[in-house]
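So this block is protein-v8.pdb, PDB, C-alpha atoms and all ligand atoms:
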ATOM      1  CA  MET R  12      28.153 -46.228  -7.194
ATOM      2  CA  ILE R  13      25.983 -46.233 -10.325
ATOM      3  CA  SER R  14      23.997 -49.363 -10.909
ATOM      4  CA  ASN R  15      23.278 -51.222 -14.111
ATOM      5  CA  ASP R  16      19.591 -50.338 -13.688
ATOM      6  CA  ASP R  17      20.418 -46.627 -13.865
ATOM      7  CA  ILE R  18      21.960 -46.955 -17.337
ATOM      8  CA  ALA R  19      21.097 -50.242 -19.063
ATOM      9  CA  GLY R  20      18.453 -49.727 -21.732
ATOM     10  CA  LYS R  21      17.988 -46.110 -20.633
ATOM     11  CA  VAL R  22      18.316 -42.779 -22.399
ATOM     12  CA  VAL R  23      21.022 -41.038 -20.395
ATOM     13  CA  LEU R  24      22.455 -37.515 -20.213
ATOM     14  CA  ASP R  25      25.886 -36.955 -18.663
ATOM     15  CA  VAL R  26      26.297 -33.263 -17.787
ATOM     16  CA  GLY R  27      29.908 -32.075 -17.604
ATOM     17  CA  CYS R  28      31.331 -35.176 -19.271
ATOM     18  CA  ASN R  29      34.820 -33.670 -19.696
ATOM     19  CA  SER R  30      36.786 -35.826 -22.166
ATOM     20  CA  GLY R  31      34.275 -38.643 -21.812
ATOM     21  CA  ALA R  32      36.256 -41.133 -19.691
ATOM     22  CA  LEU R  33      33.418 -41.829 -17.264
ATOM     23  CA  THR R  34      30.716 -41.586 -19.951
ATOM     24  CA  LEU R  35      32.487 -44.198 -22.031
ATOM     25  CA  ARG R  36      33.137 -46.434 -19.082
ATOM     26  CA  LEU R  37      29.490 -46.380 -18.049
ATOM     27  CA  ALA R  38      28.294 -46.832 -21.634
ATOM     28  CA  SER R  39      30.527 -49.819 -22.258
ATOM     29  CA  LEU R  40      29.770 -51.424 -18.891
ATOM     30  CA  HIS R  41      26.003 -50.949 -18.905
ATOM     31  CA  ARG R  42      24.811 -50.399 -22.500
ATOM     32  CA  PRO R  43      22.429 -47.465 -22.459
ATOM     33  CA  LYS R  44      19.766 -47.303 -25.112
ATOM     34  CA  TRP R  45      21.247 -43.931 -25.992
ATOM     35  CA  MET R  46      23.643 -41.652 -24.123
ATOM     36  CA  LEU R  47      24.648 -38.035 -24.579
ATOM     37  CA  GLY R  48      27.668 -36.438 -22.907
ATOM     38  CA  ILE R  49      27.747 -32.652 -22.848
ATOM     39  CA  ASP R  50      30.471 -30.288 -21.770
ATOM     40  CA  LEU R  51      30.913 -26.589 -22.252
ATOM     41  CA  ASP R  52      34.484 -27.087 -23.483
ATOM     42  CA  GLY R  53      34.496 -27.995 -27.183
ATOM     43  CA  HIS R  54      38.113 -29.214 -27.033
ATOM     44  CA  LEU R  55      37.156 -31.769 -24.395
ATOM     45  CA  ILE R  56      34.209 -32.851 -26.542
ATOM     46  CA  ARG R  57      36.516 -33.459 -29.497
ATOM     47  CA  ASP R  58      38.768 -35.537 -27.197
ATOM     48  CA  ALA R  59      35.694 -37.459 -26.021
ATOM     49  CA  ALA R  60      34.733 -38.221 -29.628
ATOM     50  CA  ARG R  61      38.285 -39.476 -30.294
ATOM     51  CA  HIS R  62      38.208 -41.649 -27.175
ATOM     52  CA  ALA R  63      34.851 -43.073 -28.252
ATOM     53  CA  GLN R  64      36.243 -44.036 -31.643
ATOM     54  CA  HIS R  65      39.215 -45.661 -29.909
ATOM     55  CA  GLU R  66      36.856 -47.635 -27.646
ATOM     56  CA  TYR R  67      34.838 -48.716 -30.663
ATOM     57  CA  SER R  68      38.039 -49.885 -32.342
ATOM     58  CA  LEU R  69      38.884 -52.218 -29.462
ATOM     59  CA  VAL R  70      35.902 -54.409 -30.214
ATOM     60  CA  GLY R  71      36.549 -54.374 -33.933
ATOM     61  CA  GLY R  72      33.044 -53.464 -35.050
ATOM     62  CA  PRO R  73      29.900 -55.538 -35.137
ATOM     63  CA  ASP R  74      31.223 -58.329 -37.383
ATOM     64  CA  ASP R  75      34.247 -59.254 -35.341
ATOM     65  CA  GLU R  76      34.983 -61.044 -32.122
ATOM     66  CA  PRO R  77      35.174 -58.901 -28.969
ATOM     67  CA  GLY R  78      38.701 -57.768 -28.233
ATOM     68  CA  TYR R  79      40.105 -58.897 -31.557
ATOM     69  CA  PHE R  80      41.704 -55.499 -32.094
ATOM     70  CA  PRO R  81      43.846 -54.797 -29.016
ATOM     71  CA  ASP R  82      44.975 -51.414 -27.791
ATOM     72  CA  ALA R  83      48.436 -51.760 -29.308
ATOM     73  CA  MET R  84      46.953 -52.294 -32.767
ATOM     74  CA  VAL R  85      44.945 -49.102 -32.449
ATOM     75  CA  ALA R  86      48.112 -47.294 -31.390
ATOM     76  CA  ILE R  87      49.997 -48.626 -34.451
ATOM     77  CA  HIS R  88      47.280 -48.584 -37.111
ATOM     78  CA  GLY R  89      44.849 -45.979 -35.836
ATOM     79  CA  SER R  90      41.160 -46.360 -35.061
ATOM     80  CA  THR R  91      38.815 -48.659 -36.936
ATOM     81  CA  PRO R  92      36.707 -46.656 -39.398
ATOM     82  CA  LEU R  93      33.204 -46.023 -38.161
ATOM     83  CA  PRO R  94      30.425 -47.877 -40.004
ATOM     84  CA  ASP R  95      29.025 -46.521 -43.262
ATOM     85  CA  GLY R  96      26.923 -43.465 -42.822
ATOM     86  CA  TRP R  97      28.931 -42.183 -39.893
ATOM     87  CA  ARG R  98      31.327 -39.326 -40.381
ATOM     88  CA  LYS R  99      34.754 -39.567 -38.800
ATOM     89  CA  ASP R 100      33.393 -37.388 -36.033
ATOM     90  CA  GLY R 101      30.205 -39.412 -35.896
ATOM     91  CA  TYR R 102      30.210 -39.375 -32.141
ATOM     92  CA  LEU R 103      30.125 -35.611 -32.122
ATOM     93  CA  VAL R 104      26.990 -33.525 -32.378
ATOM     94  CA  SER R 105      27.659 -29.891 -32.995
ATOM     95  CA  SER R 106      24.106 -28.859 -32.278
ATOM     96  CA  LEU R 107      21.598 -30.074 -29.716
ATOM     97  CA  SER R 108      18.776 -29.513 -32.186
ATOM     98  CA  GLU R 109      19.200 -33.014 -33.632
ATOM     99  CA  VAL R 110      19.052 -34.665 -30.199
ATOM    100  CA  PRO R 111      15.242 -35.012 -29.902
ATOM    101  CA  ASN R 112      15.099 -36.984 -33.187
ATOM    102  CA  LEU R 113      18.060 -39.130 -32.218
ATOM    103  CA  VAL R 114      16.446 -39.952 -28.869
ATOM    104  CA  ASP R 115      13.082 -40.773 -30.440
ATOM    105  CA  ARG R 116      14.754 -43.000 -33.046
ATOM    106  CA  ALA R 117      16.800 -44.799 -30.393
ATOM    107  CA  ARG R 118      13.692 -45.417 -28.264
ATOM    108  CA  LYS R 119      12.039 -47.089 -31.256
ATOM    109  CA  HIS R 120      14.913 -48.990 -32.803
ATOM    110  CA  VAL R 121      17.828 -49.666 -30.461
ATOM    111  CA  ARG R 122      17.738 -53.207 -29.118
ATOM    112  CA  TRP R 123      20.812 -54.643 -27.508
ATOM    113  CA  GLU R 124      21.145 -58.341 -28.255
ATOM    114  CA  CYS R 125      22.850 -60.315 -25.523
ATOM    115  CA  ASP R 126      25.548 -61.370 -27.989
ATOM    116  CA  ALA R 127      26.115 -57.860 -29.327
ATOM    117  CA  VAL R 128      29.837 -57.290 -29.513
ATOM    118  CA  GLY R 129      30.108 -53.520 -29.872
ATOM    119  CA  ALA R 130      30.275 -52.250 -26.328
ATOM    120  CA  VAL R 131      30.053 -48.671 -27.510
ATOM    121  CA  LEU R 132      28.292 -48.205 -30.811
ATOM    122  CA  PRO R 133      28.206 -44.864 -32.606
ATOM    123  CA  GLY R 134      24.431 -45.128 -32.892
ATOM    124  CA  THR R 135      24.018 -45.158 -29.128
ATOM    125  CA  LEU R 136      26.465 -42.522 -27.965
ATOM    126  CA  ARG R 137      26.987 -38.876 -28.790
ATOM    127  CA  PHE R 138      28.892 -35.943 -27.373
ATOM    128  CA  ALA R 139      28.027 -32.272 -27.722
ATOM    129  CA  ALA R 140      29.568 -28.989 -26.699
ATOM    130  CA  ALA R 141      26.950 -27.150 -24.648
ATOM    131  CA  ASP R 142      26.742 -24.986 -21.553
ATOM    132  CA  VAL R 143      23.890 -26.454 -19.535
ATOM    133  CA  ALA R 144      23.428 -23.123 -17.758
ATOM    134  CA  LYS R 145      23.065 -21.048 -20.927
ATOM    135  CA  GLU R 146      21.767 -23.299 -23.677
ATOM    136  CA  ASP R 147      18.052 -23.392 -24.449
ATOM    137  CA  LEU R 148      17.280 -27.031 -23.633
ATOM    138  CA  SER R 149      13.495 -26.790 -23.898
ATOM    139  CA  ALA R 150      13.419 -29.179 -26.896
ATOM    140  CA  LEU R 151      14.937 -31.879 -24.658
ATOM    141  CA  GLU R 152      12.254 -31.737 -21.959
ATOM    142  CA  GLY R 153      11.097 -35.171 -20.844
ATOM    143  CA  LYS R 154      13.635 -36.942 -23.061
ATOM    144  CA  PHE R 155      15.960 -38.571 -20.504
ATOM    145  CA  ASP R 156      15.485 -41.544 -18.177
ATOM    146  CA  THR R 157      18.664 -40.807 -16.228
ATOM    147  CA  ILE R 158      20.726 -37.654 -15.794
ATOM    148  CA  LEU R 159      24.225 -37.680 -14.316
ATOM    149  CA  ALA R 160      25.830 -34.598 -12.758
ATOM    150  CA  LEU R 161      29.137 -35.834 -11.438
ATOM    151  CA  SER R 162      31.705 -33.361 -10.124
ATOM    152  CA  VAL R 163      30.025 -30.493 -11.894
ATOM    153  CA  THR R 164      27.617 -28.798  -9.431
ATOM    154  CA  LYS R 165      30.439 -26.763  -7.877
ATOM    155  CA  TRP R 166      31.315 -25.190 -11.234
ATOM    156  CA  ILE R 167      27.725 -24.443 -12.132
ATOM    157  CA  HIS R 168      27.252 -22.950  -8.655
ATOM    158  CA  LEU R 169      30.420 -20.840  -8.638
ATOM    159  CA  HIS R 170      29.742 -19.441 -12.111
ATOM    160  CA  GLY R 171      25.954 -19.082 -11.881
ATOM    161  CA  ARG R 172      25.807 -18.316  -8.134
ATOM    162  CA  ASP R 173      22.868 -19.526  -6.011
ATOM    163  CA  ASN R 174      20.243 -18.914  -8.680
ATOM    164  CA  GLY R 175      22.398 -20.686 -11.252
ATOM    165  CA  ILE R 176      22.518 -23.979  -9.360
ATOM    166  CA  ARG R 177      18.813 -23.749  -8.522
ATOM    167  CA  ASP R 178      18.058 -23.186 -12.214
ATOM    168  CA  PHE R 179      20.202 -26.194 -13.037
ATOM    169  CA  PHE R 180      18.160 -28.427 -10.722
ATOM    170  CA  HIS R 181      14.965 -27.099 -12.341
ATOM    171  CA  THR R 182      16.430 -27.922 -15.756
ATOM    172  CA  VAL R 183      17.275 -31.466 -14.678
ATOM    173  CA  TYR R 184      13.722 -31.893 -13.421
ATOM    174  CA  ARG R 185      12.272 -30.785 -16.736
ATOM    175  CA  LEU R 186      14.605 -32.893 -18.897
ATOM    176  CA  LEU R 187      13.751 -36.120 -17.045
ATOM    177  CA  VAL R 188      10.794 -38.342 -17.832
ATOM    178  CA  PRO R 189       8.397 -38.763 -14.885
ATOM    179  CA  GLY R 190       9.963 -41.426 -12.681
ATOM    180  CA  GLY R 191      13.419 -40.635 -14.115
ATOM    181  CA  THR R 192      16.596 -40.804 -12.064
ATOM    182  CA  PHE R 193      18.927 -37.947 -11.174
ATOM    183  CA  ILE R 194      22.387 -39.008 -10.015
ATOM    184  CA  VAL R 195      24.308 -36.128  -8.530
ATOM    185  CA  GLU R 196      27.654 -35.844  -6.828
ATOM    186  CA  PRO R 197      27.476 -32.538  -4.979
ATOM    187  CA  GLN R 198      30.987 -31.403  -4.225
ATOM    188  CA  PRO R 199      31.326 -30.358  -0.570
ATOM    189  CA  PHE R 200      31.418 -26.655   0.213
ATOM    190  CA  ASP R 201      34.984 -27.004   1.567
ATOM    191  CA  SER R 202      36.145 -27.734  -1.937
ATOM    192  CA  TYR R 203      34.608 -24.440  -3.155
ATOM    193  CA  LEU R 204      36.951 -22.582  -0.835
ATOM    194  CA  LYS R 205      39.963 -23.926  -2.730
ATOM    195  CA  SER R 206      39.023 -22.070  -5.897
ATOM    196  CA  LYS R 207      41.582 -19.340  -6.349
ATOM    197  CA  LEU R 208      39.609 -16.984  -8.600
ATOM    198  CA  LYS R 209      38.586 -13.953  -6.545
ATOM    199  CA  LYS R 210      35.382 -13.402  -8.499
ATOM    200  CA  PHE R 211      33.982 -16.698  -7.190
ATOM    201  CA  ASN R 212      33.991 -15.511  -3.571
ATOM    202  CA  PRO R 213      32.438 -18.750  -2.193
ATOM    203  CA  PRO R 214      31.598 -17.431   1.312
ATOM    204  CA  GLU R 215      29.092 -15.086  -0.339
ATOM    205  CA  LEU R 216      27.008 -18.071  -1.493
ATOM    206  CA  GLN R 217      23.975 -18.714   0.703
ATOM    207  CA  PHE R 218      22.610 -21.912  -0.836
ATOM    208  CA  ARG R 219      25.141 -24.500   0.345
ATOM    209  CA  PRO R 220      25.384 -28.133  -0.857
ATOM    210  CA  ASP R 221      23.915 -29.443   2.395
ATOM    211  CA  ALA R 222      20.689 -27.599   1.460
ATOM    212  CA  PHE R 223      20.472 -29.266  -1.957
ATOM    213  CA  PRO R 224      18.467 -32.306  -0.715
ATOM    214  CA  ALA R 225      15.676 -30.159   0.745
ATOM    215  CA  PHE R 226      15.537 -28.125  -2.456
ATOM    216  CA  LEU R 227      15.413 -31.222  -4.674
ATOM    217  CA  THR R 228      12.608 -32.614  -2.514
ATOM    218  CA  SER R 229      10.642 -29.373  -2.870
ATOM    219  CA  LEU R 230      11.085 -29.526  -6.648
ATOM    220  CA  GLY R 231       9.488 -32.962  -6.866
ATOM    221  CA  PHE R 232      12.298 -35.464  -6.368
ATOM    222  CA  ASP R 233      12.287 -38.335  -3.882
ATOM    223  CA  PRO R 234      15.563 -39.658  -2.500
ATOM    224  CA  LEU R 235      16.500 -43.138  -3.705
ATOM    225  CA  ALA R 236      19.798 -43.634  -1.962
ATOM    226  CA  ASP R 237      22.649 -41.544  -0.728
ATOM    227  CA  THR R 238      25.629 -43.641  -1.545
ATOM    228  CA  HIS R 239      28.679 -43.322   0.626
ATOM    229  CA  PRO R 240      31.814 -45.361   0.155
ATOM    230  CA  ASP R 241      32.297 -48.328   2.418
ATOM    231  CA  PRO R 242      34.998 -47.160   4.896
ATOM    232  CA  THR R 243      36.641 -50.589   4.674
ATOM    233  CA  THR R 244      36.847 -50.465   0.889
ATOM    234  CA  THR R 245      40.134 -50.799  -0.919
ATOM    235  CA  ALA R 246      38.595 -49.238  -4.020
ATOM    236  CA  ARG R 247      40.161 -46.085  -5.427
ATOM    237  CA  GLY R 248      38.929 -43.156  -7.491
ATOM    238  CA  PHE R 249      35.562 -43.606  -9.174
ATOM    239  CA  GLU R 250      34.295 -46.246  -6.706
ATOM    240  CA  THR R 251      34.895 -44.024  -3.672
ATOM    241  CA  ARG R 252      32.889 -41.004  -4.811
ATOM    242  CA  HIS R 253      29.778 -39.845  -2.931
ATOM    243  CA  VAL R 254      26.699 -39.732  -5.074
ATOM    244  CA  GLN R 255      23.044 -39.163  -4.338
ATOM    245  CA  ARG R 256      20.296 -40.799  -6.361
ATOM    246  CA  TRP R 257      16.929 -39.079  -6.751
ATOM    247  CA  ARG R 258      13.747 -40.088  -8.510
ATOM    248  CA  LYS R 259      11.509 -37.529 -10.205
ATOM    249  CA  ARG R 260       7.998 -38.091  -8.920
ATOM    250  CA  ALA R 261       5.816 -39.675 -11.550
ATOM    251  CA  THR R 262       3.261 -36.873 -11.688
ATOM    252  CA  ARG R 263       1.322 -36.346 -14.898
ATOM    253  CA  SER R 264       2.260 -32.734 -15.406
ATOM    254  CA  PRO R 265       5.446 -31.342 -13.918
ATOM    255  CA  PRO R 266       5.273 -27.939 -12.239
ATOM    256  CA  PRO R 267       5.951 -25.070 -14.613
ATOM    257  CA  ALA R 268       9.467 -23.724 -14.823
ATOM    258  CA  PRO R 269      10.191 -20.839 -12.492
ATOM    259  CA  ALA R 270      10.598 -17.444 -14.060
ATOM    260  CA  ARG R 271      14.326 -17.010 -14.530
ATOM    261  CA  GLN R 272      15.649 -14.694 -11.889
ATOM    262  CA  PRO R 273      18.653 -12.485 -12.427
ATOM    263  CA  ARG R 274      21.932 -13.989 -11.288
ATOM    264  CA  ASP R 275      22.762 -13.047  -7.722
TER     265      ASP R 275
HETATM  266  C1  LIG T   1      35.536 -32.135 -12.853
HETATM  267  S1  LIG T   1      34.900 -32.392 -14.471
HETATM  268  C2  LIG T   1      33.849 -33.781 -14.210
HETATM  269  C3  LIG T   1      34.059 -34.862 -15.235
HETATM  270  C4  LIG T   1      33.191 -36.084 -15.058
HETATM  271  N1  LIG T   1      31.777 -35.764 -14.962
HETATM  272  C5  LIG T   1      33.607 -36.863 -13.863
HETATM  273  O1  LIG T   1      32.879 -36.922 -12.879
HETATM  274  O2  LIG T   1      34.687 -37.456 -13.875
HETATM  275  C6  LIG T   1      33.738 -31.062 -14.606
HETATM  276  C7  LIG T   1      33.374 -30.781 -16.057
HETATM  277  O3  LIG T   1      32.179 -30.016 -16.068
HETATM  278  C8  LIG T   1      32.236 -29.114 -17.156
HETATM  279  N2  LIG T   1      31.280 -28.032 -16.905
HETATM  280  C9  LIG T   1      31.347 -27.069 -15.947
HETATM  281  N3  LIG T   1      30.283 -26.244 -16.033
HETATM  282  C10 LIG T   1      29.510 -26.705 -17.063
HETATM  283  C11 LIG T   1      28.300 -26.258 -17.668
HETATM  284  N4  LIG T   1      27.673 -25.164 -17.233
HETATM  285  N5  LIG T   1      27.800 -26.954 -18.725
HETATM  286  C12 LIG T   1      28.447 -28.054 -19.199
HETATM  287  N6  LIG T   1      29.616 -28.509 -18.667
HETATM  288  C13 LIG T   1      30.146 -27.851 -17.617
HETATM  289  C14 LIG T   1      33.698 -28.672 -17.168
HETATM  290  O4  LIG T   1      34.081 -28.152 -18.441
HETATM  291  C15 LIG T   1      34.423 -29.969 -16.806
HETATM  292  O5  LIG T   1      34.843 -30.673 -17.939
END
Would you mind writing the file's structure down as structure tokens?
Ligand SMILES: C[S@@+](CC[C@H](N)C(=O)[O-])C[C@H]1O[C@@H](n2cnc3c(N)ncnc32)[C@H](O)[C@@H]1O
Amino acid sequence: MISNDDIAGKVVLDVGCNSGALTLRLASLHRPKWMLGIDLDGHLIRDAARHAQHEYSLVGGPDDEPGYFPDAMVAIHGSTPLPDGWRKDGYLVSSLSEVPNLVDRARKHVRWECDAVGAVLPGTLRFAAADVAKEDLSALEGKFDTILALSVTKWIHLHGRDNGIRDFFHTVYRLLVPGGTFIVEPQPFDSYLKSKLKKFNPPELQFRPDAFPAFLTSLGFDPLADTHPDPTTTARGFETRHVQRWRKRATRSPPPAPARQPRD
């Protein structure tokens, strides 16, 4: 559902990365130039950092053969130490303020060699605890080639209401480089109705997921592909999810951000 071209050699943001399972899978499959997973839950971010160190351990570090350190060895002996200069929580950024420098450095210096053995290197992957709806992300504008929002729009919408999800799409637009790719998996409105919390009151929402495409188009995105699973597929889980791919138009100067409206 997500192609190599969306990630390989790109600077990628994964919004709502949870404990990093998908982020890590995509990073190790496709080798981004640099990738950041953010989630509002700091506990999940700490789990993601642990999982990243585990993944790193499986390839044994840059001087060893791929796969020399199997899963069982990590279970018995613990994770391989991260390279010099990296703290034990080297995959974790506590503040987004260091992200612009990290991105700029990665754009200049990160070159994957075809024989590179570290599928997930600490220098190319970070996780941070951040609420995309509340954090000031202005320093990250125009930094990302690809932004992923997988299984997260429903939560942003339920918490932030109609203006909250619109603001989120504006934010994505501003954080992407011109020509950048937005990969979104809008959860269907039916699934909103399953949320038990009374305060969410989904029927009150006016801006439904089937209106997202028209809104994204009006913001300055062009549709790339709306990927639906092949009905004959035997794939399970990740491969069967519906995602839409959008390209930010390559205009010179993006439209200014809308004035933030009060939450409805
Ligand atoms: C269902 S999980 C999706 C995990 C992963 N993206 C995937 O597709 O498998 C949704 C995640 O989004 C996070 N989330 C919800 N609202 C968020 C927000 N405003 N900012 C950052 N993360 C958010 C939640 O904490 C949760 O971990």
Evaluate the PyMOL selection byres (((chain R and resi 27-44) around 6) and not hetatm) and report residues as a PyMOL selection string: chain R and resi 15+18-22+25-26+45+48-50+55-56+58-59+130-131+163
Pick from R:Leu204, R:Leu24, R:Val188, R:Ile158 nearest to R:Thr262, counting all atoms listed in the file: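 Using all atoms listed in the file, R:Thr262 sits closest to R:Val188.
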Atom pair atom CA of R:Arg137 / atom CA of R:Tyr67: separation (Å):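 Result for atom CA of R:Arg137 versus atom CA of R:Tyr67: 12.7 Å, one decimal.
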Could you pull out every residue with an atom within 9 Å of (21.5, -22.5, -6.0), file coordinates, counting all atoms listed in the file, and send them as a VMD selection string? chain R and resid 167 to 168 171 to 180 216 to 220 223 226
Convert the output of the PyMOL selection byres (((chain R and resi 232) around 12) and not hetatm) on the shown file into explicit residues, formatted as an MDAnalysis selection string. chainID R and resid 180:181 183:185 187:194 223:231 233:236 255:262 265:266
Give the answer as one residue: which of R:Leu169, R:Leu51, R:Leu148, R:Ala141 has the shortest atom-to-atom distance to R:Ser206, using all atoms listed in the file?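 That would be R:Leu169, the residue with the smallest distance to R:Ser206.
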One number please: atom CA of R:Ser105 to atom N5 of ligand LIG 1 (chain T), in Å, one decimal.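 These atoms are spaced 14.6 Å apart.
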How far is it from atom S1 of ligand LIG 1 (chain T) to atom CA of R:Val114, in Å with one decimal? 24.6 Å
Considering all atoms listed in the file, state which residue in the set R:Ser90, R:Ser68, R:Ala140, R:Arg118 is at the smallest distance from R:Gly53.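 Using all atoms listed in the file, the shortest distance to R:Gly53 belongs to R:Ala140.
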Starting from 6 Å padding per side, set up an axis-aligned box that covers all listed atoms of ligand LIG 1 (chain T) and hand over centre and edge lengths in Å, one decimal, as JSON.
{"center_x": 31.6, "center_y": -31.3, "center_z": -16.0, "size_x": 19.9, "size_y": 24.3, "size_z": 18.3}
Hey, which of R:Pro197, R:Gly89, R:Pro213, R:Gly153 ends up closest to ligand LIG 1 (chain T)? Count only C-alpha atoms and all ligand atoms.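 That would be R:Pro197, the residue with the smallest distance to ligand LIG 1 (chain T).
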Distance criterion (all atoms listed in the file): nearest to ligand LIG 1 (chain T) out of R:Val143, R:Thr164, R:Phe155, R:Ser202: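 Nearest candidate to ligand LIG 1 (chain T) out of R:Val143, R:Thr164, R:Phe155, R:Ser202: R:Val143.
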Calculated over all atoms listed in the file, which of the candidates R:Ala63, R:Leu47, R:Leu151, R:Ala117 has the smallest distance to ligand LIG 1 (chain T)?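 Smallest separation from ligand LIG 1 (chain T) among the options: R:Leu47.
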Generate N, CA and C atoms for stretch 165-181 of chain R and emit them as a short mmCIF file (atom, residue, chain, number, x, y, z; two decimals), in the frame of the given file.
data_model
loop_
_atom_site.label_atom_id
_atom_site.label_comp_id
_atom_site.auth_asym_id
_atom_site.auth_seq_id
_atom_site.Cartn_x
_atom_site.Cartn_y
_atom_site.Cartn_z
N LYS R 165 29.63 -27.87 -8.42
CA LYS R 165 30.44 -26.76 -7.88
C LYS R 165 30.69 -25.70 -8.95
N TRP R 166 30.97 -26.15 -10.18
CA TRP R 166 31.32 -25.19 -11.23
C TRP R 166 30.09 -24.42 -11.68
N ILE R 167 28.96 -25.13 -11.75
CA ILE R 167 27.72 -24.44 -12.13
C ILE R 167 27.37 -23.42 -11.05
N HIS R 168 27.59 -23.81 -9.80
CA HIS R 168 27.25 -22.95 -8.65
C HIS R 168 28.18 -21.73 -8.59
N LEU R 169 29.48 -21.97 -8.73
CA LEU R 169 30.42 -20.84 -8.64
C LEU R 169 30.20 -19.84 -9.77
N HIS R 170 29.94 -20.36 -10.97
CA HIS R 170 29.74 -19.44 -12.11
C HIS R 170 28.37 -18.79 -12.08
N GLY R 171 27.34 -19.58 -11.78
CA GLY R 171 25.95 -19.08 -11.88
C GLY R 171 25.41 -18.58 -10.57
N ARG R 172 26.20 -18.74 -9.48
CA ARG R 172 25.81 -18.32 -8.13
C ARG R 172 24.58 -19.13 -7.68
N ASP R 173 23.94 -18.71 -6.59
CA ASP R 173 22.87 -19.53 -6.01
C ASP R 173 21.72 -19.76 -6.99
N ASN R 174 21.35 -18.72 -7.73
CA ASN R 174 20.24 -18.91 -8.68
C ASN R 174 20.64 -19.85 -9.82
N GLY R 175 21.93 -19.83 -10.16
CA GLY R 175 22.40 -20.69 -11.25
C GLY R 175 22.27 -22.17 -10.92
N ILE R 176 22.62 -22.55 -9.71
CA ILE R 176 22.52 -23.98 -9.36
C ILE R 176 21.05 -24.37 -9.15
N ARG R 177 20.25 -23.43 -8.64
CA ARG R 177 18.81 -23.75 -8.52
C ARG R 177 18.21 -23.94 -9.91
N ASP R 178 18.56 -23.05 -10.84
CA ASP R 178 18.06 -23.19 -12.21
C ASP R 178 18.48 -24.52 -12.80
N PHE R 179 19.72 -24.92 -12.50
CA PHE R 179 20.20 -26.19 -13.04
C PHE R 179 19.33 -27.35 -12.54
N PHE R 180 19.00 -27.34 -11.25
CA PHE R 180 18.16 -28.43 -10.72
C PHE R 180 16.77 -28.41 -11.37
N HIS R 181 16.24 -27.20 -11.62
CA HIS R 181 14.96 -27.10 -12.34
C HIS R 181 15.11 -27.72 -13.74
#
